[in-house]
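Read through the structure below, which is laid out as structure tokens, and then see the notes.
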Amino acid sequence: GPTAVDLATHAARSGVVAEPCRARPVLDVACGQGFGSHLMVTRWGAASVHAVDVSAAALAQARALFDRPEITWLEMDAGHLDAAAPGEPFDLIVSFETIEHLHDPAAFLRSLKALVKPGGTIVVSCPNDHWYYGPGRSKNVWHRHTYTFEEFRTLAEGILGPATSYLVGSTAGGFANTPLADGGGPRRRDLGG
């Protein structure tokens, strides 16, 4: 199961959607064991969450740990999202640390764009393997792609359009997300569709 550090990191990462998810239907793609989906409903007031993951084992654990009437668990490959399965488009789509695992990340982003309501929000994240592993070290063997910030921005904005803010994760004093300073001062940009 997840360690305390894993949960703290996931909670901090999920915390960036605390306000946008309030009273809204949410799609959580690659939900894993469901901790983030649970937080969105119980702490941040999401109206509902459709929680998607490719792993039947992870979803079984999610149901055992975090099942609630507001959460619908769906077994589905993030790389081949079925737009009909979740039903209506979503006000908010969240997908943390997913894009780097997928064979066709551009198709994944196009799927998210097709599933969000007009004026809705898409929040995606990916790790910076170049920072995490450092020069000369092995990358995560499960990551099909590694991204610098600029590579990620180019890919995401090329499909989703200009973002409204970017946050950069930090392990200083635990794990937190801070606005990315760009140029002379902070410029908030939420990756949104």
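If you're wondering about the labels, chains in the structure tokens are A, B, ... by order shown, residues count from 1 in each chain, ligands from 1 in order shown.
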
Need the shell around A:Trp44: protein/DNA/RNA residues with any atom at most 6 Å away, counting only C-alpha atoms. Skip same-chain ones fewer than 4 positions apart. Format as a CSV table (one decimal) with C-alpha atoms, in the first residue's frame?
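Output saved as around_17.csv:
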chain,number,residue,atom,x,y,z
A,18,ALA,CA,-9.4,21.9,-3.8
A,22,ARG,CA,-16.2,22.4,-5.1
A,40,MET,CA,-12.1,15.7,-3.6

Check stretch 21-126 of chain A with DSSP on the backbone and list each residue it calls helix (DSSP H, G or I), as an NGL selection string. :A and (35-42 or 56-66 or 78-80 or 99-101 or 105-115)

Could you go through stretch 65-169 of chain A and tell me which residues DSSP, when run on the backbone, assigns to strand (DSSP E or B), listing them as a ChimeraX atom specification? /A:71-75,90-95,116-124,167-169

Those same residues - N, CA and C atoms - I'd like them written as a PDB file, in the first residue's frame.
ATOM      1  N   ILE A  71     -18.743   8.678  -5.465  1.00  0.00           N
ATOM      2  CA  ILE A  71     -17.633   8.227  -6.319  1.00  0.00           C
ATOM      3  C   ILE A  71     -18.071   7.027  -7.150  1.00  0.00           C
ATOM      4  N   THR A  72     -17.849   7.119  -8.453  1.00  0.00           N
ATOM      5  CA  THR A  72     -18.071   6.007  -9.375  1.00  0.00           C
ATOM      6  C   THR A  72     -16.711   5.522  -9.833  1.00  0.00           C
ATOM      7  N   TRP A  73     -16.421   4.248  -9.603  1.00  0.00           N
ATOM      8  CA  TRP A  73     -15.125   3.672  -9.967  1.00  0.00           C
ATOM      9  C   TRP A  73     -15.252   3.006 -11.335  1.00  0.00           C
ATOM     10  N   LEU A  74     -14.345   3.324 -12.250  1.00  0.00           N
ATOM     11  CA  LEU A  74     -14.393   2.786 -13.601  1.00  0.00           C
ATOM     12  C   LEU A  74     -13.036   2.211 -13.992  1.00  0.00           C
ATOM     13  N   GLU A  75     -13.034   0.953 -14.435  1.00  0.00           N
ATOM     14  CA  GLU A  75     -11.793   0.344 -14.924  1.00  0.00           C
ATOM     15  C   GLU A  75     -11.641   0.714 -16.399  1.00  0.00           C
ATOM     16  N   PHE A  90     -17.311  16.887 -18.114  1.00  0.00           N
ATOM     17  CA  PHE A  90     -17.006  17.255 -16.736  1.00  0.00           C
ATOM     18  C   PHE A  90     -16.592  18.709 -16.614  1.00  0.00           C
ATOM     19  N   ASP A  91     -16.930  19.305 -15.465  1.00  0.00           N
ATOM     20  CA  ASP A  91     -16.468  20.659 -15.163  1.00  0.00           C
ATOM     21  C   ASP A  91     -14.966  20.677 -14.895  1.00  0.00           C
ATOM     22  N   LEU A  92     -14.483  19.586 -14.296  1.00  0.00           N
ATOM     23  CA  LEU A  92     -13.067  19.493 -13.931  1.00  0.00           C
ATOM     24  C   LEU A  92     -12.547  18.105 -14.252  1.00  0.00           C
ATOM     25  N   ILE A  93     -11.396  18.050 -14.918  1.00  0.00           N
ATOM     26  CA  ILE A  93     -10.705  16.782 -15.159  1.00  0.00           C
ATOM     27  C   ILE A  93      -9.328  16.892 -14.531  1.00  0.00           C
ATOM     28  N   VAL A  94      -8.981  15.883 -13.761  1.00  0.00           N
ATOM     29  CA  VAL A  94      -7.718  15.842 -13.035  1.00  0.00           C
ATOM     30  C   VAL A  94      -6.976  14.575 -13.449  1.00  0.00           C
ATOM     31  N   SER A  95      -5.698  14.720 -13.774  1.00  0.00           N
ATOM     32  CA  SER A  95      -4.867  13.545 -14.047  1.00  0.00           C
ATOM     33  C   SER A  95      -3.442  13.840 -13.614  1.00  0.00           C
ATOM     34  N   VAL A 116     -14.093  17.499 -21.352  1.00  0.00           N
ATOM     35  CA  VAL A 116     -14.326  18.646 -20.470  1.00  0.00           C
ATOM     36  C   VAL A 116     -15.421  19.528 -21.057  1.00  0.00           C
ATOM     37  N   LYS A 117     -16.256  20.081 -20.175  1.00  0.00           N
ATOM     38  CA  LYS A 117     -17.309  21.005 -20.612  1.00  0.00           C
ATOM     39  C   LYS A 117     -16.677  22.289 -21.147  1.00  0.00           C
ATOM     40  N   PRO A 118     -17.361  22.988 -22.042  1.00  0.00           N
ATOM     41  CA  PRO A 118     -16.870  24.314 -22.445  1.00  0.00           C
ATOM     42  C   PRO A 118     -16.704  25.191 -21.201  1.00  0.00           C
ATOM     43  N   GLY A 119     -15.560  25.816 -21.081  1.00  0.00           N
ATOM     44  CA  GLY A 119     -15.271  26.637 -19.910  1.00  0.00           C
ATOM     45  C   GLY A 119     -14.793  25.846 -18.712  1.00  0.00           C
ATOM     46  N   GLY A 120     -14.694  24.522 -18.850  1.00  0.00           N
ATOM     47  CA  GLY A 120     -14.215  23.678 -17.753  1.00  0.00           C
ATOM     48  C   GLY A 120     -12.709  23.754 -17.600  1.00  0.00           C
ATOM     49  N   THR A 121     -12.211  22.996 -16.642  1.00  0.00           N
ATOM     50  CA  THR A 121     -10.793  23.042 -16.285  1.00  0.00           C
ATOM     51  C   THR A 121     -10.175  21.654 -16.401  1.00  0.00           C
ATOM     52  N   ILE A 122      -8.972  21.599 -16.949  1.00  0.00           N
ATOM     53  CA  ILE A 122      -8.180  20.371 -16.992  1.00  0.00           C
ATOM     54  C   ILE A 122      -6.896  20.638 -16.220  1.00  0.00           C
ATOM     55  N   VAL A 123      -6.599  19.763 -15.261  1.00  0.00           N
ATOM     56  CA  VAL A 123      -5.360  19.869 -14.487  1.00  0.00           C
ATOM     57  C   VAL A 123      -4.578  18.578 -14.702  1.00  0.00           C
ATOM     58  N   VAL A 124      -3.393  18.701 -15.275  1.00  0.00           N
ATOM     59  CA  VAL A 124      -2.523  17.544 -15.477  1.00  0.00           C
ATOM     60  C   VAL A 124      -1.161  17.844 -14.875  1.00  0.00           C
ATOM     61  N   LEU A 167       2.179  25.175 -11.631  1.00  0.00           N
ATOM     62  CA  LEU A 167       2.714  25.032 -10.284  1.00  0.00           C
ATOM     63  C   LEU A 167       3.877  24.056 -10.346  1.00  0.00           C
ATOM     64  N   VAL A 168       4.879  24.320  -9.537  1.00  0.00           N
ATOM     65  CA  VAL A 168       6.042  23.447  -9.472  1.00  0.00           C
ATOM     66  C   VAL A 168       6.088  22.838  -8.087  1.00  0.00           C
ATOM     67  N   GLY A 169       6.164  21.508  -8.004  1.00  0.00           N
ATOM     68  CA  GLY A 169       6.213  20.821  -6.722  1.00  0.00           C
ATOM     69  C   GLY A 169       7.570  20.977  -6.071  1.00  0.00           C
TER      70      GLY A 169
END

Tell me which protein, DNA and RNA residues are within 8 Å of A:Ser125, counting only C-alpha atoms, leaving out same-chain ones fewer than 4 positions away, and put them as an MDAnalysis selection string. chainID A and resid 95:99

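Across the structure, atom CA of A:Pro105 and atom CA of A:Phe149 are spaced 15.1 Å apart.
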
Near-A:Ala46 list (10 Å; only C-alpha atoms; drop same-chain fewer than 6 positions) as a count of residues only: 17

Point-to-point distance in Å for atom CA of A:Asp82 and atom CA of A:Gly45: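 For atom CA of A:Gly45 relative to atom CA of A:Asp82, the distance reads 25.8 Å.
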
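Between atom CA of A:Arg68 and atom CA of A:Val49 lies a distance of 9.8 Å.
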
A:Gly34, A:Gly87, A:Pro127, A:Gly79 ranked by distance to A:Thr146, top pick (using only C-alpha atoms):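 The answer is A:Pro127, which sits nearest to A:Thr146.
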
Would you list the contacts of stretch 155-159 of chain A as a VMD selection string, taking every protein, DNA or RNA residue within 12 Å and counting only C-alpha atoms, but skipping same-chain residues closer than 4 positions in sequence? chain A and resid 99 to 100 104 to 114 122 to 126 145 147 to 151 163 to 166 189 to 193

Keeping only N, CA, C and O atoms, write the selected residues to a file as a compact mmCIF listing (two decimals), in the first residue's frame.
# COMPACT_ATOMS: atom_id res chain seq x y z
N ILE A 99 0.61 11.12 -17.75
CA ILE A 99 0.99 11.34 -19.14
C ILE A 99 2.33 10.70 -19.49
O ILE A 99 2.54 10.22 -20.60
N GLU A 100 3.23 10.64 -18.51
CA GLU A 100 4.57 10.08 -18.77
C GLU A 100 4.55 8.56 -18.97
O GLU A 100 5.50 7.99 -19.47
N ASP A 104 0.86 7.26 -26.23
CA ASP A 104 0.51 8.40 -27.08
C ASP A 104 -0.03 9.54 -26.21
O ASP A 104 -1.25 9.71 -26.08
N PRO A 105 0.86 10.33 -25.61
CA PRO A 105 0.40 11.39 -24.70
C PRO A 105 -0.45 12.44 -25.39
O PRO A 105 -1.36 13.02 -24.78
N ALA A 106 -0.21 12.71 -26.66
CA ALA A 106 -1.00 13.71 -27.38
C ALA A 106 -2.45 13.23 -27.52
O ALA A 106 -3.39 14.01 -27.32
N ALA A 107 -2.65 11.96 -27.83
CA ALA A 107 -4.01 11.41 -27.93
C ALA A 107 -4.71 11.48 -26.58
O ALA A 107 -5.91 11.76 -26.50
N PHE A 108 -3.97 11.23 -25.51
CA PHE A 108 -4.52 11.32 -24.16
C PHE A 108 -5.04 12.74 -23.89
O PHE A 108 -6.17 12.92 -23.42
N LEU A 109 -4.23 13.75 -24.19
CA LEU A 109 -4.65 15.13 -23.97
C LEU A 109 -5.86 15.49 -24.82
O LEU A 109 -6.77 16.20 -24.37
N ARG A 110 -5.90 14.99 -26.06
CA ARG A 110 -7.07 15.24 -26.91
C ARG A 110 -8.32 14.61 -26.30
O ARG A 110 -9.42 15.19 -26.35
N SER A 111 -8.18 13.42 -25.69
CA SER A 111 -9.31 12.77 -25.01
C SER A 111 -9.82 13.61 -23.85
O SER A 111 -11.02 13.75 -23.66
N LEU A 112 -8.89 14.15 -23.06
CA LEU A 112 -9.29 15.00 -21.94
C LEU A 112 -10.04 16.22 -22.44
O LEU A 112 -11.07 16.61 -21.88
N LYS A 113 -9.53 16.82 -23.51
CA LYS A 113 -10.17 18.01 -24.06
C LYS A 113 -11.59 17.70 -24.53
O LYS A 113 -12.51 18.52 -24.38
N ALA A 114 -11.80 16.50 -25.08
CA ALA A 114 -13.13 16.10 -25.54
C ALA A 114 -14.09 15.83 -24.38
O ALA A 114 -15.30 15.90 -24.55
N ILE A 122 -8.97 21.60 -16.95
CA ILE A 122 -8.18 20.37 -16.99
C ILE A 122 -6.90 20.64 -16.22
O ILE A 122 -6.20 21.62 -16.48
N VAL A 123 -6.60 19.76 -15.26
CA VAL A 123 -5.36 19.87 -14.49
C VAL A 123 -4.58 18.58 -14.70
O VAL A 123 -5.06 17.49 -14.38
N VAL A 124 -3.39 18.70 -15.28
CA VAL A 124 -2.52 17.54 -15.48
C VAL A 124 -1.16 17.84 -14.88
O VAL A 124 -0.74 19.00 -14.79
N SER A 125 -0.49 16.79 -14.46
CA SER A 125 0.87 16.96 -13.95
C SER A 125 1.74 15.85 -14.48
O SER A 125 1.25 14.79 -14.89
N CYS A 126 3.03 16.11 -14.45
CA CYS A 126 4.00 15.06 -14.76
C CYS A 126 5.27 15.34 -13.96
O CYS A 126 5.54 16.49 -13.61
N HIS A 145 7.95 8.42 -21.39
CA HIS A 145 8.45 9.73 -21.79
C HIS A 145 8.98 10.46 -20.56
O HIS A 145 8.45 10.30 -19.47
N TYR A 147 10.03 14.49 -19.42
CA TYR A 147 9.78 15.84 -19.88
C TYR A 147 10.58 16.85 -19.08
O TYR A 147 10.63 16.77 -17.86
N THR A 148 11.16 17.80 -19.77
CA THR A 148 11.57 19.03 -19.12
C THR A 148 10.31 19.88 -19.03
O THR A 148 9.29 19.57 -19.67
N PHE A 149 10.35 20.96 -18.27
CA PHE A 149 9.18 21.82 -18.16
C PHE A 149 8.77 22.33 -19.53
O PHE A 149 7.59 22.33 -19.90
N GLU A 150 9.73 22.79 -20.33
CA GLU A 150 9.41 23.35 -21.64
C GLU A 150 8.79 22.31 -22.57
O GLU A 150 7.87 22.61 -23.33
N GLU A 151 9.29 21.08 -22.52
CA GLU A 151 8.71 20.02 -23.35
C GLU A 151 7.26 19.75 -22.95
O GLU A 151 6.38 19.60 -23.80
N ALA A 163 -2.31 27.82 -20.98
CA ALA A 163 -2.66 27.51 -19.60
C ALA A 163 -2.86 28.79 -18.81
O ALA A 163 -2.35 29.85 -19.18
N THR A 164 -3.61 28.69 -17.72
CA THR A 164 -3.80 29.85 -16.86
C THR A 164 -2.80 29.88 -15.71
O THR A 164 -2.56 30.94 -15.14
N SER A 165 -2.23 28.73 -15.32
CA SER A 165 -1.14 28.74 -14.34
C SER A 165 -0.38 27.43 -14.38
O SER A 165 -0.88 26.41 -14.85
N TYR A 166 0.85 27.50 -13.90
CA TYR A 166 1.68 26.32 -13.68
C TYR A 166 2.13 26.34 -12.24
O TYR A 166 2.44 27.40 -11.69
N ARG A 189 -0.44 30.16 -13.86
CA ARG A 189 -1.03 29.61 -15.05
C ARG A 189 -1.51 28.21 -14.75
O ARG A 189 -0.72 27.32 -14.57
N ASP A 190 -2.81 28.02 -14.68
CA ASP A 190 -3.39 26.70 -14.44
C ASP A 190 -3.54 26.00 -15.77
O ASP A 190 -4.16 26.56 -16.66
N LEU A 191 -3.03 24.78 -15.87
CA LEU A 191 -3.16 24.07 -17.13
C LEU A 191 -4.63 23.77 -17.33
O LEU A 191 -5.20 22.95 -16.65
N GLY A 192 -5.25 24.46 -18.23
CA GLY A 192 -6.69 24.31 -18.42
C GLY A 192 -7.07 24.29 -19.88
O GLY A 192 -6.36 24.79 -20.72
N GLY A 193 -8.22 23.69 -20.16
CA GLY A 193 -8.67 23.60 -21.55
C GLY A 193 -9.61 24.72 -21.88
O GLY A 193 -10.06 25.47 -21.11

9 Å contact set for stretch 52-56 of chain A, only C-alpha atoms, chain neighbours under 5 positions out, as a PyMOL selection string: chain A and resi 27-33+61+72-78
